[in-house]
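*Asks:* Mind looking over this structure? Questions follow.
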2 protein chains.
Amino acid sequence: MPKLGMEPIRKEALVKATIVEIGRVGSLDVTVSQIAKRAGMSSALAHHYFGSKEEIFLAAMRHILTLYGAEVRGALAAADGPDARLNAVLRASFSPGNFRREAVSAWLTFWVLAQTVPEARRLLAVYQRRLRSNLLSCLRPMAGARAEAIADGLGALIDGLYLREVLKSGPPDGPSAVAMLLEYLRIQMKEQTR
Amino acid sequence: MPKLGMEPIRKEALVKATIVEIGRVGSLDVTVSQIAKRAGMSSALAHHYFGSKEEIFLAAMRHILTLYGAEVRGALAAADGPDARLNAVLRASFSPGNFRREAVSAWLTFWVLAQTVPEARRLLAVYQRRLRSNLLSCLRPMAGARAEAIADGLGALIDGLYLREVLKSGPPDGPSAVAMLLEYLRIQMKEQTR
DNA sequence: AAGTTTATTGACTCGTCAATCAACAAAAAA
DNA sequence: TTTTTTGTTGATTGACGAGTCAATAAACTT
């Protein structure tokens, strides 16, 4: 009973199933069959639409980055003024969604992928540039020439705090990570006035 | 021609070969045969001495952490006074050795492993505690009660900067990462005096 | 109605790999 | 010197997995 126009539906199902499966096993050691089964189709169909396992992973990575981008945009839209906007960007990186098992595994394994798969590296670079640009647009009004250095510091701190939160034992504590970021920002801004 | 007392020699060879192979492929997708071949023995012997692939990986992880620990200890021994000691600890995380392909892959894949393998998580926790304790012993004389917060910030910043250096395109720039850490430290210390 | 495109899968190929085992060799212990 | 322990590997097992393919069927085109 083949309905037409299945391609986007199947692809989306596969992408979501991929992320779930990566979260379930905690690595890229996921078979196309597992993914296809969770997405409710045969593995042959998965190959039909994506061609290879690597393409499936890259599509999943794009999806994760898209989700993150949407979250940031949403938070930014509701924020007024540089201060609130900066707050929104920082909080977005530590939202509950980013601490879900699937998201954590996705990020960690994508970092590994980025070592060797050029497209994965490119996608990661896109994300970092976007974060940096978001930070800069808030920081420039407040920090002027020092905005760049502060943005770089915040960016690295975000990644490091995220890594530590997700790998420590016990539940992650997003708010305390955000507090650390705000403290960093606070002393950087105080620095501003000599 | 079996010489006796081979066990430690074989194990060491396997551990080193494991790290090289992980660096070569950039992930844990390394076969026991590849490792054994590089270490100059049959895969059966690798299983004989380690029992399973996972045990080989954990031994490799212990080795990496041991190397790092030795590097820090060495740098600390040559440093006089809290300031110099702090400098030594920070620089040790961004030494050329830590930017070698094998070390990078090892750290990234161990982070992934730590999600699901308790022993890997434990080892990572040991490393983090040691780093924290090293930082604290330097910071307490300079920062008193604020030492803990500063140590946590430095720890996260180290991980985040490392991640960004190794995943960016182009060669990593250790000194600039260290400079960022020192800048963070500088403004934290300035904060000390209101 | 005939032909083309899209959807779909079961079966299969070809390869790989972790782990085991039997067997052999040499040193040490008895 | 017999026995035990230690070192070592080739061959094998048993399983799994990525990707292909032929075949089936529904929809759309002409």
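All residue names refer to the structure tokens as shown: chains lettered A, B, ... in order, residues numbered from 1 in each chain, ligands numbered from 1 in order.
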Could you list the residues in chain D lying within 10 Å of chain A, using only C-alpha atoms (C1' of nucleotides), and format the result as an MDAnalysis selection string?
*Replies:* chainID D and resid 16:20 25:28
*Asks:* Contacts from chain A to chain B, 6 Å maximum, only C-alpha atoms: show me the residue list as a list of chain:residue names.
*Replies:*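 Here they are: A:Leu108, A:Val112, A:Ala156, A:Leu157, A:Asp159, A:Gly160, A:Leu161.
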*Asks:* Write out as a PyMOL selection string each polymer residue whose atoms come within 12 Å of D:DG14, counting only C-alpha atoms (C1' of nucleotides); drop sequence neighbours fewer than 3 positions from it.
*Replies:* chain C and resi 17-20
*Asks:* For a quick check of understanding, using only C-alpha atoms (C1' of nucleotides), which of B:Asn98, B:Asn87, B:Thr193, B:Gln34 has the smallest distance to chain C?
*Replies:*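 Looking at the shortest contact to chain C, the residue is B:Gln34.
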*Asks:* Apply DSSP to the backbone of this structure and, from stretch 14-95 of chain B, keep only the residues in alpha helix (DSSP H); write these as a PyMOL selection string.
*Replies:* chain B and resi 14-25+32-38+43-50+53-77+81-92
*Asks:* Please, which residues in chain C fall within 7 Å of chain A when counting only C-alpha atoms (C1' of nucleotides), and what is the closest atom pair and distance in Å to one decimal for each, ordered by chain then residue number, as a Markdown table?
*Replies:*
```
| residue | atom | partner | partner_atom | distance |
| --- | --- | --- | --- | --- |
| C:DT6 | C1' | A:Leu4 | CA | 6.5 |
| C:DA7 | C1' | A:Pro2 | CA | 5.1 |
| C:DT8 | C1' | A:Leu45 | CA | 6.9 |
| C:DT9 | C1' | A:Ser42 | CA | 6.5 |
```
*Asks:* How would the residues just chosen look if you wrote them out with N, CA and C atoms (P, O5', C5', C4', C3', O3' and C1' of nucleotides) as a PDB file, in the first residue's frame?
*Replies:*
```pdb
ATOM      1  P    DT C   6      10.331   8.949  -8.953  1.00  0.00           P
ATOM      2  O5'  DT C   6       9.507   8.117  -7.876  1.00  0.00           O
ATOM      3  C5'  DT C   6       8.289   8.635  -7.372  1.00  0.00           C
ATOM      4  C4'  DT C   6       7.777   7.700  -6.309  1.00  0.00           C
ATOM      5  C3'  DT C   6       8.733   7.487  -5.132  1.00  0.00           C
ATOM      6  O3'  DT C   6       8.005   7.728  -3.932  1.00  0.00           O
ATOM      7  C1'  DT C   6       8.004   5.412  -5.978  1.00  0.00           C
ATOM      8  P    DA C   7       8.685   7.559  -2.522  1.00  0.00           P
ATOM      9  O5'  DA C   7       8.204   6.097  -2.133  1.00  0.00           O
ATOM     10  C5'  DA C   7       6.818   5.844  -2.072  1.00  0.00           C
ATOM     11  C4'  DA C   7       6.562   4.458  -1.499  1.00  0.00           C
ATOM     12  C3'  DA C   7       7.417   4.112  -0.264  1.00  0.00           C
ATOM     13  O3'  DA C   7       6.541   3.553   0.700  1.00  0.00           O
ATOM     14  C1'  DA C   7       7.660   2.433  -1.906  1.00  0.00           C
ATOM     15  P    DT C   8       7.056   3.292   2.147  1.00  0.00           P
ATOM     16  O5'  DT C   8       7.580   1.812   2.044  1.00  0.00           O
ATOM     17  C5'  DT C   8       6.644   0.780   1.713  1.00  0.00           C
ATOM     18  C4'  DT C   8       7.359  -0.532   1.514  1.00  0.00           C
ATOM     19  C3'  DT C   8       8.488  -0.815   2.518  1.00  0.00           C
ATOM     20  O3'  DT C   8       7.980  -1.563   3.592  1.00  0.00           O
ATOM     21  C1'  DT C   8       8.918  -1.629   0.294  1.00  0.00           C
ATOM     22  P    DT C   9       8.962  -1.981   4.789  1.00  0.00           P
ATOM     23  O5'  DT C   9       9.425  -3.419   4.297  1.00  0.00           O
ATOM     24  C5'  DT C   9       8.440  -4.350   3.867  1.00  0.00           C
ATOM     25  C4'  DT C   9       9.110  -5.554   3.260  1.00  0.00           C
ATOM     26  C3'  DT C   9      10.197  -6.191   4.146  1.00  0.00           C
ATOM     27  O3'  DT C   9       9.929  -7.569   4.237  1.00  0.00           O
ATOM     28  C1'  DT C   9      10.994  -5.888   1.959  1.00  0.00           C
TER      29       DT C   9
END
```
*Asks:* Kindly indicate which residue among A:Leu185, A:Ala145, A:Ala151, A:Cys138 lies nearest to A:Gly81, using only C-alpha atoms for the distances.
*Replies:*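 Among A:Leu185, A:Ala145, A:Ala151, A:Cys138, it is A:Cys138 that comes nearest to A:Gly81.
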*Asks:* Just to confirm, what's the straight-line distance from atom CA of A:Leu76 to atom CA of A:Asn134 in Å (one decimal)?
*Replies:*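 Result for atom CA of A:Leu76 versus atom CA of A:Asn134: 9.3 Å, one decimal.
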